[in-house]
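Containing mmCIF, C-alpha atoms and all ligand atoms: data-v5.cif.
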data_start
loop_
_atom_site.label_atom_id
_atom_site.label_comp_id
_atom_site.auth_asym_id
_atom_site.auth_seq_id
_atom_site.Cartn_x
_atom_site.Cartn_y
_atom_site.Cartn_z
CA MET A 1 0.00 0.00 0.00
CA SER A 2 2.67 2.42 -1.06
CA ARG A 3 0.70 5.23 -2.64
CA ILE A 4 -2.66 6.86 -3.22
CA ARG A 5 -3.81 7.56 -6.74
CA ILE A 6 -6.50 10.20 -6.98
CA VAL A 7 -8.80 9.53 -9.94
CA PRO A 8 -10.87 12.50 -11.12
CA ILE A 9 -14.19 11.40 -12.62
CA ASN A 10 -14.81 13.91 -15.43
CA ALA A 11 -13.75 17.51 -14.74
CA ILE A 12 -12.53 18.19 -11.19
CA PRO A 13 -10.38 21.37 -10.74
CA SER A 14 -6.69 20.49 -10.69
CA ASP A 15 -5.86 22.90 -7.85
CA PHE A 16 -8.48 21.16 -5.71
CA LEU A 17 -6.91 17.78 -6.51
CA SER A 18 -3.34 18.87 -5.82
CA ARG A 19 -4.32 20.45 -2.50
CA LEU A 20 -6.17 17.27 -1.60
CA GLY A 21 -3.12 15.20 -2.54
CA LEU A 22 -0.84 17.25 -0.28
CA CYS A 23 -3.20 16.96 2.69
CA LEU A 24 -3.56 13.20 2.23
CA GLU A 25 0.22 12.74 2.00
CA GLU A 26 0.57 14.59 5.28
CA ARG A 27 -1.95 12.27 6.96
CA PHE A 28 -1.12 8.89 5.45
CA LEU A 29 2.60 9.47 4.97
CA PHE A 30 2.76 8.03 1.51
CA PRO A 31 2.68 9.74 -1.88
CA ALA A 32 -0.66 10.84 -3.36
CA GLN A 33 -0.71 11.56 -7.05
CA THR A 34 -3.47 12.62 -9.40
CA ALA A 35 -4.06 9.96 -12.04
CA ARG A 36 -5.53 10.51 -15.49
CA THR A 37 -9.17 11.55 -15.64
CA LEU A 38 -11.82 8.88 -16.11
CA SER A 39 -14.63 10.06 -18.39
CA VAL A 40 -18.02 8.73 -17.35
CA SER A 41 -21.06 9.54 -19.45
CA HIS A 42 -24.09 11.17 -17.80
CA SER A 43 -26.17 8.55 -19.59
CA VAL A 44 -25.17 6.16 -16.78
CA VAL A 45 -27.15 8.25 -14.26
CA ASN A 46 -30.40 6.65 -13.08
CA THR A 47 -32.84 9.15 -14.58
CA GLN A 48 -35.58 8.49 -12.02
CA ARG A 49 -33.32 9.22 -9.06
CA GLY A 50 -30.95 11.62 -10.80
CA GLN A 51 -28.20 9.62 -9.11
CA MET A 52 -25.52 7.15 -10.09
CA PHE A 53 -25.46 3.59 -8.78
CA LEU A 54 -22.19 3.25 -6.90
CA SER A 55 -21.39 -0.26 -8.16
CA THR A 56 -21.67 0.88 -11.77
CA LEU A 57 -19.11 3.61 -11.17
CA ALA A 58 -16.84 1.39 -9.06
CA ALA A 59 -16.76 -1.28 -11.78
CA LYS A 60 -15.70 1.32 -14.34
CA ILE A 61 -12.90 2.57 -12.10
CA VAL A 62 -11.62 -0.91 -11.31
CA ARG A 63 -11.68 -1.79 -15.01
CA ALA A 64 -9.72 1.34 -15.98
CA TYR A 65 -7.07 1.34 -13.21
CA SER A 66 -5.13 -1.41 -11.59
CA SER A 67 -4.90 -0.99 -7.83
CA GLU A 68 -1.83 -3.22 -7.44
CA ALA A 69 0.48 -0.46 -6.34
CA GLY A 70 -1.73 1.22 -3.79
CA LEU A 71 -5.09 2.74 -3.03
CA LEU A 72 -7.40 4.34 -5.57
CA LEU A 73 -9.41 7.38 -4.51
CA ALA A 74 -12.01 8.48 -7.05
CA ILE A 75 -13.54 11.95 -6.79
CA THR A 76 -16.83 12.59 -8.53
CA ASP A 77 -19.52 15.22 -8.84
CA PHE A 78 -22.15 12.54 -9.47
CA ASP A 79 -24.69 12.05 -6.67
CA LEU A 80 -24.25 8.42 -5.57
CA TYR A 81 -26.54 5.77 -4.11
CA LYS A 82 -26.50 2.08 -3.40
CA THR A 83 -29.04 -0.48 -2.28
CA GLY A 84 -30.38 0.47 1.13
CA HIS A 85 -28.91 3.99 0.98
CA ARG A 86 -30.78 7.06 -0.19
CA PHE A 87 -27.45 8.71 -0.94
CA LEU A 88 -23.76 8.34 -0.18
CA PHE A 89 -21.08 10.88 0.64
CA GLY A 90 -18.73 8.12 -0.40
CA ASP A 91 -17.94 4.45 -0.10
CA ALA A 92 -14.97 2.11 -0.07
CA ASP A 93 -14.01 -1.47 -0.80
CA GLN A 94 -11.10 -2.96 1.07
CA GLN A 95 -10.63 -5.89 -1.35
CA GLN A 96 -10.45 -3.62 -4.34
CA ARG A 97 -8.48 -0.99 -2.39
CA LEU A 98 -10.91 1.53 -3.75
CA ALA A 99 -12.38 4.64 -2.16
CA VAL A 100 -14.97 6.86 -3.85
CA VAL A 101 -16.08 10.29 -2.65
CA SER A 102 -18.90 12.37 -4.13
CA LEU A 103 -18.68 16.15 -3.91
CA HIS A 104 -22.36 16.49 -4.79
CA ARG A 105 -23.76 16.76 -1.26
CA LEU A 106 -20.65 18.36 0.20
CA ARG A 107 -21.25 21.59 -1.71
CA PRO A 108 -22.95 24.29 0.40
CA GLU A 109 -25.04 25.09 -2.70
CA PHE A 110 -26.75 21.72 -2.35
CA TYR A 111 -28.25 23.02 0.93
CA GLY A 112 -29.19 26.38 -0.57
CA GLU A 113 -26.14 28.15 0.87
CA ASP A 114 -23.54 30.29 -0.89
CA SER A 115 -20.68 28.43 -2.51
CA ASP A 116 -17.62 28.23 -0.27
CA ALA A 117 -14.52 26.62 -1.77
CA ASN A 118 -12.79 26.25 1.56
CA LEU A 119 -15.77 24.58 3.27
CA LEU A 120 -16.14 22.25 0.29
CA PHE A 121 -12.48 21.35 0.54
CA GLN A 122 -12.59 20.64 4.27
CA ARG A 123 -15.67 18.45 3.91
CA SER A 124 -14.10 16.62 0.98
CA LEU A 125 -10.89 16.01 2.91
CA LYS A 126 -12.85 14.53 5.84
CA GLU A 127 -14.76 12.16 3.58
CA CYS A 128 -11.60 11.19 1.67
CA VAL A 129 -9.75 10.39 4.91
CA HIS A 130 -12.84 8.40 6.03
CA GLU A 131 -13.15 6.33 2.84
CA LEU A 132 -9.39 5.75 2.57
CA GLY A 133 -9.55 4.54 6.17
CA HIS A 134 -12.19 1.98 5.11
CA ALA A 135 -10.10 1.02 2.06
CA MET A 136 -7.28 0.29 4.51
CA GLY A 137 -9.61 -1.84 6.62
CA LEU A 138 -10.67 0.59 9.36
CA LYS A 139 -14.20 0.37 10.75
CA HIS A 140 -16.49 3.13 11.96
CA CYS A 141 -15.53 4.95 15.14
CA PHE A 142 -17.94 6.04 17.89
CA ASN A 143 -16.03 9.25 18.49
CA ALA A 144 -18.17 11.86 16.72
CA ARG A 145 -15.08 14.05 16.14
CA CYS A 146 -13.04 11.29 14.49
CA ALA A 147 -12.77 11.11 10.69
CA MET A 148 -13.94 7.46 10.93
CA TYR A 149 -17.27 8.51 12.46
CA ASP A 150 -20.12 7.45 10.16
CA SER A 151 -21.76 10.73 9.18
CA ASN A 152 -25.21 10.49 7.68
CA SER A 153 -25.80 14.21 7.39
CA ILE A 154 -23.73 17.21 6.47
CA PHE A 155 -24.00 18.40 10.10
CA GLU A 156 -22.20 15.26 11.24
CA THR A 157 -19.56 15.75 8.57
CA ASP A 158 -19.05 19.36 9.68
CA ASN A 159 -18.81 18.23 13.29
CA LYS A 160 -15.95 15.81 12.71
CA VAL A 161 -12.32 16.61 11.94
CA ALA A 162 -10.17 15.56 8.99
CA HIS A 163 -7.97 13.39 11.22
CA PHE A 164 -8.26 10.00 12.86
CA CYS A 165 -8.63 9.89 16.62
CA GLU A 166 -5.73 8.39 18.56
CA LEU A 167 -7.15 4.85 18.38
CA CYS A 168 -7.96 4.94 14.67
CA GLU A 169 -4.58 6.52 13.96
CA LYS A 170 -2.90 3.60 15.72
CA ARG A 171 -5.01 1.11 13.76
CA SER A 172 -4.22 2.83 10.47
CA ARG A 173 -0.48 2.87 11.19
CA ALA A 174 -0.58 -0.86 11.78
CA ARG A 175 -2.03 -1.30 8.28
CA ARG A 176 0.30 0.99 6.34
ZN ZN A 201 -17.96 4.82 6.60
ZN ZN A 202 -11.60 7.05 15.68
#
Here is a file; write its structure as structure tokens.
Ligand SMILES: [Zn+2]
Ligand SMILES: [Zn+2]
Amino acid sequence: MSRIRIVPINAIPSDFLSRLGLCLEERFLFPAQTARTLSVSHSVVNTQRGQMFLSTLAAKIVRAYSSEAGLLLAITDFDLYKTGHRFLFGDADQQQRLAVVSLHRLRPEFYGEDSDANLLFQRSLKECVHELGHAMGLKHCFNARCAMYDSNSIFETDNKVAHFCELCEKRSRARR
């Protein structure tokens, strides 16, 4: 698990991705690089829900990138769902070493608020740390401030920090 490759799904601003990469390197202590963009057609969106089925997207990512040399972290603007979940901020698969984070519901605009690039970045970082934690095999944490806390609303995301608590940090170090 020697590196993180950040996979932009369609157009994601490159300054956002490079800032994200730097912050993830600082936390996980291995290199994070932006990989080539994966183009995914909007025709894949479930028109009734206006959302994309997570497994459809995950299969495309796994097909396009080999995860042999590390963890894959896909960033998308698509609104995601899976069976039993109305929506997802993100998801991860430890076997496939894949983490996916959707920016859709992290944008203040989604909640009728003014756009705020810094708030969007902080929320995204928290969810990326969370999903990468899962991809490394970490489970949810009961500490509401810990990045591994399972947030089901944007309030819970805003309430947690972009770091692991002491316990989760120890667990993640053991898996690096
Ligand atoms: Zn989770
Ligand atoms: Zn924790």
Kindly provide, as number ranges by chain, all nucleotide and amino acid residues lying within 8 Å of ligand ZN 202 (chain A), counting all atoms listed in the file.
A: 140-143, 145-149, 164-169
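Restricting the calculation to all atoms listed in the file, the smallest distance between Phe155 (chain A) and any of A:Arg123, A:Arg175, A:His130, A:Lys139 is found for A:Arg123.
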Please extract the residues at most 12 Å from ligand ZN 201 (chain A), counting only C-alpha atoms and all ligand atoms, and provide them as a PyMOL selection string, using the chain letters and residue numbers of this document.
chain A and resi 88-94+99-101+126-142+146-152+157
Counting only C-alpha atoms, which residue out of A:Arg5, A:Ser115, A:His85, A:Asp77 sits closest to His42 (chain A)?
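Smallest distance to His42 (chain A) is found for A:Asp77.
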Contacts of Pro8 (chain A) within 7 Å, all atoms listed in the file, excl. fewer than 2 positions in-chain, as number ranges by chain
A: 6, 10-12, 37-38, 74-76
Kindly save the residues from that selection, with C-alpha atoms included, as a PDB file, in the frame of the given file.
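As written to disk, selection-v6.pdb reads:
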ATOM      1  CA  ILE A   6      -6.500  10.200  -6.980  1.00  0.00           C
ATOM      2  CA  ASN A  10     -14.810  13.910 -15.430  1.00  0.00           C
ATOM      3  CA  ALA A  11     -13.750  17.510 -14.740  1.00  0.00           C
ATOM      4  CA  ILE A  12     -12.530  18.190 -11.190  1.00  0.00           C
ATOM      5  CA  THR A  37      -9.170  11.550 -15.640  1.00  0.00           C
ATOM      6  CA  LEU A  38     -11.820   8.880 -16.110  1.00  0.00           C
ATOM      7  CA  ALA A  74     -12.010   8.480  -7.050  1.00  0.00           C
ATOM      8  CA  ILE A  75     -13.540  11.950  -6.790  1.00  0.00           C
ATOM      9  CA  THR A  76     -16.830  12.590  -8.530  1.00  0.00           C
TER      10      THR A  76
END
Which of A:Leu29, A:Ser41, A:Pro13, A:Ser18 sits closest to Arg176 (chain A) [using all atoms listed in the file]
A:Leu29
For CA of Ile4 (chain A) and CA of Leu71 (chain A), determine how far apart the two atoms are, in Å to one decimal place.
4.8 Å
CA of Leu57 (chain A) and CA of Ile9 (chain A) are how many Å apart?
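Answer for the CA of Leu57 (chain A) to CA of Ile9 (chain A) separation: 9.3 Å.
Counting all atoms listed in the file, the residue from A:Ser14, A:Ser66, A:Gln96, A:Ser102 that sits nearest to Asp79 (chain A) is A:Ser102.
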Within 8 Å of (-6.0, 11.9, 1.3) in the file's own coordinates, which protein, DNA or RNA residues have an atom, counting all atoms listed in the file? List them as a list of chain:residue names.
A:Ile4, A:Leu20, A:Gly21, A:Leu22, A:Cys23, A:Leu24, A:Glu25, A:Arg27, A:Phe28, A:Ala32, A:Leu125, A:Cys128, A:Val129, A:Leu132
Just want the 12 Å neighbourhood of Gly50 (chain A), counted on only C-alpha atoms, with same-chain residues fewer than 5 positions away dropped. Output as a list in words.
His42, Ser43, Val44, Val45, Phe78, Asp79, Leu80, Tyr81, Arg86, Phe87 and His104 of chain A
Ser2 (chain A) environment, 7 Å, only C-alpha atoms, sequence neighbours closer than 5 positions dropped, as a ChimeraX atom specification:
/A:30,69-70
Go through A:Arg3, A:Asp15, A:Arg171, A:Gln51 and flag the residue nearest Ala117 (chain A), using only C-alpha atoms for the distances.
A:Asp15
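Distance-wise, CA of Val7 (chain A) and CA of Asn118 (chain A) end up 20.7 Å apart.
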Which residue is closest to Glu156 (chain A)? Choose from A:Ala144, A:Phe16, A:Ala59, A:Pro108 and count only C-alpha atoms.
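For Glu156 (chain A), the nearest of the candidates is A:Ala144.
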Completion step: region 100-116 of chain A with N, CA, C and O atoms as a short mmCIF file (atom, residue, chain, number, x, y, z; two decimals), in the coordinates of the input:
data_model
loop_
_atom_site.label_atom_id
_atom_site.label_comp_id
_atom_site.auth_asym_id
_atom_site.auth_seq_id
_atom_site.Cartn_x
_atom_site.Cartn_y
_atom_site.Cartn_z
N VAL A 100 -14.27 5.93 -2.96
CA VAL A 100 -14.97 6.86 -3.85
C VAL A 100 -15.62 7.93 -2.99
O VAL A 100 -16.23 7.62 -1.98
N VAL A 101 -15.45 9.18 -3.38
CA VAL A 101 -16.08 10.29 -2.65
C VAL A 101 -16.84 11.16 -3.65
O VAL A 101 -16.32 11.51 -4.71
N SER A 102 -18.09 11.48 -3.30
CA SER A 102 -18.90 12.37 -4.13
C SER A 102 -18.91 13.77 -3.53
O SER A 102 -19.16 13.95 -2.34
N LEU A 103 -18.67 14.76 -4.38
CA LEU A 103 -18.68 16.15 -3.91
C LEU A 103 -20.10 16.71 -3.90
O LEU A 103 -20.35 17.78 -3.33
N HIS A 104 -21.02 15.97 -4.53
CA HIS A 104 -22.36 16.49 -4.79
C HIS A 104 -23.04 17.09 -3.56
O HIS A 104 -23.51 18.22 -3.57
N ARG A 105 -23.07 16.31 -2.48
CA ARG A 105 -23.76 16.76 -1.26
C ARG A 105 -22.83 17.40 -0.24
O ARG A 105 -23.19 17.63 0.91
N LEU A 106 -21.59 17.65 -0.68
CA LEU A 106 -20.65 18.36 0.20
C LEU A 106 -20.64 19.84 -0.15
O LEU A 106 -20.12 20.66 0.61
N ARG A 107 -21.21 20.18 -1.29
CA ARG A 107 -21.25 21.59 -1.71
C ARG A 107 -22.31 22.33 -0.90
O ARG A 107 -23.46 21.88 -0.82
N PRO A 108 -21.95 23.50 -0.33
CA PRO A 108 -22.95 24.29 0.40
C PRO A 108 -24.16 24.62 -0.47
O PRO A 108 -25.29 24.69 0.03
N GLU A 109 -23.94 24.77 -1.78
CA GLU A 109 -25.04 25.09 -2.70
C GLU A 109 -26.14 24.03 -2.66
O GLU A 109 -27.32 24.34 -2.89
N PHE A 110 -25.76 22.80 -2.40
CA PHE A 110 -26.75 21.72 -2.35
C PHE A 110 -27.78 22.00 -1.27
O PHE A 110 -28.94 21.59 -1.36
N TYR A 111 -27.37 22.72 -0.21
CA TYR A 111 -28.25 23.02 0.93
C TYR A 111 -28.79 24.44 0.84
O TYR A 111 -29.23 25.02 1.84
N GLY A 112 -28.66 25.04 -0.35
CA GLY A 112 -29.19 26.38 -0.57
C GLY A 112 -28.31 27.48 0.01
O GLY A 112 -28.76 28.61 0.18
N GLU A 113 -27.06 27.13 0.33
CA GLU A 113 -26.14 28.15 0.87
C GLU A 113 -25.20 28.65 -0.22
O GLU A 113 -25.09 28.06 -1.28
N ASP A 114 -24.49 29.75 0.08
CA ASP A 114 -23.54 30.29 -0.89
C ASP A 114 -22.37 29.32 -1.06
O ASP A 114 -21.98 28.63 -0.12
N SER A 115 -21.82 29.32 -2.27
CA SER A 115 -20.68 28.43 -2.51
C SER A 115 -19.50 28.89 -1.65
O SER A 115 -19.35 30.08 -1.36
N ASP A 116 -18.72 27.95 -1.18
CA ASP A 116 -17.62 28.23 -0.27
C ASP A 116 -16.54 27.18 -0.54
O ASP A 116 -16.64 26.04 -0.08
#
